[in-house]
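Engineer: Got a structure for you, questions after.
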Amino acid sequence: MTEEQTQQSSSNEFERQPVPQEHLLGFKSFIGMYAGEHCAGTELMIGPLFVAAGVSAFDLIVGLLVGNALAVLSWMFLCAPIATRTRLTLYYQLEKICGRNLVTLYNIANGVMFCFLAGAMITVSATAVGVWFNFPMPGLNDLMPNSIGWVIAVLVVGGLIAVVAAYGYQTVAKFANIAAPWMVLVFLVFGLIGLKQFINATGAEINSFSDLWTLSKTQIWKGGAPLEGQVKFTIWHVAFFAWFCNMAMHVGMSDLSVFRFAKKSWYGLASATGMYVGHFMAWISASILYAYQLHLNPADTDVLPGPLAFRAAGLVGLLCVIIAGWTTANPTIYRAGLAFQALRPKASRFTVTLITGAIATIAGMFPAIAMKLLGFVAIYGMLLMPMGAVVFVDFWLIKKFGLQSNYAELSGKVFNWAAGLAWFLTLGVCVYFVKYAGIQIFFVSLPGWFVAAALYIGISILYQKKLRPN
Amino acid sequence: MKKIIAQCIALLSLVLLIAPSLLLLMNQIELERVKSVMLIATIIWFASATVWMWKENAS
């Protein structure tokens, strides 16, 4: 064992070596982790945005059932099987395939997207502050900060989150674990109270499931035209969104780093807890709250989790919004910091996390990210998806074409152009599809994955032939 | 023993958190009462769950 490996082993992170057998985890560890991680502050934005997109009851329920099932299958059959065979982090796996410089570029892209995502979570938490101090908050179509009060609220919330993440990431992570079961139930309560408010407001008699379904499709998720400035969502939009909103993690292979600890690849099934608690129940609950707000006043289209939660559950609702935003922004800022630290390994973790938090806070001031979260999440998945295709092809297929897997490691290259071009050209093709072929951003990543896989094989045939070491 | 008691109290607080909203659906309680009970349940949850979960997380 080299000195470097010894040092890494002692940290128990196994960042540059396979996870040893004795450190593998059981199925239960993954159930809790996924349930907590996917019940985040942003769920309180996504549910309402579905309603703003004019989704109907059937399209929402069936679309979510199907899309979340596809997401779970992606974890089970794309990500986990590679993770349990290599037992390496995505970053180390990518370094072997792509070379250090290309991984650095990937880290920058990943870090920037994490910053924006954390910004959206800070935005969510700041809407709770607005309930107390009653300053003007952003509307559904606002892209820029619209009041001094809003800017100060985001600054304070974001600043606190950044400082706490820099000083005590582990402490917040522990607090997040304690809050998770409570938060899941508060999300459920949002839905139950919202439903009761609808029943009272419409005078509906609910004596059977059929009555509930009638209320759902005629009052809650009525379908029809979307609100101004929003894209109309059909069952296909909902299913693809649910499937691809975590694309970076499953198809994009980011969760290789998680499932490398799994004893069996079928543990990917544990992701179902996150999908059906966070991306089914929580989205539905949050959407009911927003639909009720529109029912009371169709002109009030603002998607503000703070006021929505306060109306339903009072102080507990506000606490839930703040804690949901805070506990999920914390690891997101931390991960973004780790990604950026790869650029300057000697920089202190504290400074990098603080700077990352500052960037996320500035991003959080601009409501554009939160209000356009559906589109942002789709872009996030699309941006990192090609590297997932590269990892998949490199692991399962490339040797069948007489080529070398882990080519950068074998050849000593710091930038595998076959992987790099597959990434860049795929993104170019996807942008072309969206701009000129009329394919919406929510759907483009599916053909994009096949484009990336084909490009990586095709370019590798040329690249490895030219540069294959003797 | 302390841990078991804390676990029982924490579990009961979660029941207390969800039960009022179910009673609300059955017209057995007012919304304002639901909010008050939920706040009490929240305080109990964080107080009791911290006793056993904080140490478990640390290990």
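Chain labels follow the order of the structure tokens: the first chain is A, the next B, and so on; residue numbering restarts at 1 in every chain, and ligands are counted from 1 in their shown order.
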Please identify all residues of chain B having at least one atom at most 7 Å from any atom of chain A, considering only C-alpha atoms, and return them as JSON, numbers by chain.
Structural biologist: {"B": [14, 18, 21, 25, 35, 38, 39, 49, 50, 53, 54, 57]}
Engineer: Keeping only N, CA and C atoms, take the residues you just selected and write them out as a PDB file, in the first residue's frame.
Structural biologist:
ATOM      1  N   LEU B  14     -44.530  11.775  17.251  1.00  0.00           N
ATOM      2  CA  LEU B  14     -44.840  11.704  15.822  1.00  0.00           C
ATOM      3  C   LEU B  14     -46.324  11.369  15.615  1.00  0.00           C
ATOM      4  N   ILE B  18     -49.192  13.828  13.643  1.00  0.00           N
ATOM      5  CA  ILE B  18     -50.025  13.477  12.477  1.00  0.00           C
ATOM      6  C   ILE B  18     -51.509  13.346  12.846  1.00  0.00           C
ATOM      7  N   SER B  21     -54.305  16.243  12.248  1.00  0.00           N
ATOM      8  CA  SER B  21     -54.731  16.521  10.869  1.00  0.00           C
ATOM      9  C   SER B  21     -55.734  15.454  10.396  1.00  0.00           C
ATOM     10  N   LEU B  25     -59.676  16.099   9.322  1.00  0.00           N
ATOM     11  CA  LEU B  25     -60.377  15.539   8.155  1.00  0.00           C
ATOM     12  C   LEU B  25     -61.734  14.952   8.552  1.00  0.00           C
ATOM     13  N   LYS B  35     -52.867  23.233  14.726  1.00  0.00           N
ATOM     14  CA  LYS B  35     -51.567  23.923  14.675  1.00  0.00           C
ATOM     15  C   LYS B  35     -50.896  23.924  16.057  1.00  0.00           C
ATOM     16  N   MET B  38     -49.612  20.437  16.921  1.00  0.00           N
ATOM     17  CA  MET B  38     -48.431  20.129  16.093  1.00  0.00           C
ATOM     18  C   MET B  38     -47.180  20.813  16.645  1.00  0.00           C
ATOM     19  N   LEU B  39     -47.357  22.031  17.151  1.00  0.00           N
ATOM     20  CA  LEU B  39     -46.207  22.751  17.700  1.00  0.00           C
ATOM     21  C   LEU B  39     -45.675  22.041  18.952  1.00  0.00           C
ATOM     22  N   ALA B  49     -35.973  13.058  20.468  1.00  0.00           N
ATOM     23  CA  ALA B  49     -35.184  12.372  19.431  1.00  0.00           C
ATOM     24  C   ALA B  49     -33.712  12.739  19.553  1.00  0.00           C
ATOM     25  N   THR B  50     -33.441  13.982  19.974  1.00  0.00           N
ATOM     26  CA  THR B  50     -32.048  14.402  20.103  1.00  0.00           C
ATOM     27  C   THR B  50     -31.321  13.541  21.134  1.00  0.00           C
ATOM     28  N   MET B  53     -30.861  10.074  19.079  1.00  0.00           N
ATOM     29  CA  MET B  53     -30.350  10.099  17.695  1.00  0.00           C
ATOM     30  C   MET B  53     -29.016  10.832  17.580  1.00  0.00           C
ATOM     31  N   TRP B  54     -28.786  11.822  18.428  1.00  0.00           N
ATOM     32  CA  TRP B  54     -27.536  12.591  18.334  1.00  0.00           C
ATOM     33  C   TRP B  54     -26.325  11.694  18.549  1.00  0.00           C
ATOM     34  N   ASN B  57     -25.953   9.139  15.667  1.00  0.00           N
ATOM     35  CA  ASN B  57     -25.360   9.768  14.498  1.00  0.00           C
ATOM     36  C   ASN B  57     -23.860   9.929  14.656  1.00  0.00           C
TER      37      ASN B  57
END
Engineer: Which of stretch 229-300 of chain A end up as helix (DSSP H, G or I) when DSSP is run on this backbone - answer as a ChimeraX atom specification?
Structural biologist: /A:235-244,256-259,265-296
Engineer: For B:Ala19, which residue among B:Ala47, B:Leu31, B:Val37, B:Ile4 is the nearest when counting only C-alpha atoms?
Structural biologist: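 Between B:Ala47, B:Leu31, B:Val37, B:Ile4, the residue approaching B:Ala19 most closely is B:Val37.
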Engineer: Any idea what the distance is between atom CA of B:Glu56 and atom CA of A:Phe30?
Structural biologist: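 Calculated distance between atom CA of B:Glu56 and atom CA of A:Phe30 is 16.0 Å.
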Engineer: Within 8 Å of A:Ile46, counting only C-alpha atoms, which residues show up once you throw out same-chain ones fewer than 6 positions away? Write them as a list of chain:residue names, please.
Structural biologist: A:Trp283, A:Ala286, A:Ser287, A:Leu373, A:Leu374
Engineer: Write out as a PyMOL selection string each polymer residue whose atoms come within 7 Å of A:Cys115, counting only C-alpha atoms; drop sequence neighbours fewer than 6 positions from it.
Structural biologist: chain A and resi 333+336+356+359-360
Engineer: Quick one: pull the distance between atom CA of A:Gln230 and atom CA of A:Ala52, Å, one decimal.
Structural biologist: 6.8 Å
Engineer: Excluding A:Ala176 and its own-chain neighbours fewer than 3 positions away, which residues fall within 9 Å of it when counting only C-alpha atoms? Please give them as a list of chain:residue names.
Structural biologist: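 Close residues of A:Ala176: A:Gly36, A:Thr171, A:Val172, A:Ala173, A:Ala179, A:Ala180, A:Ile323, A:Ala324, A:Trp326, A:Thr327, A:Thr328.
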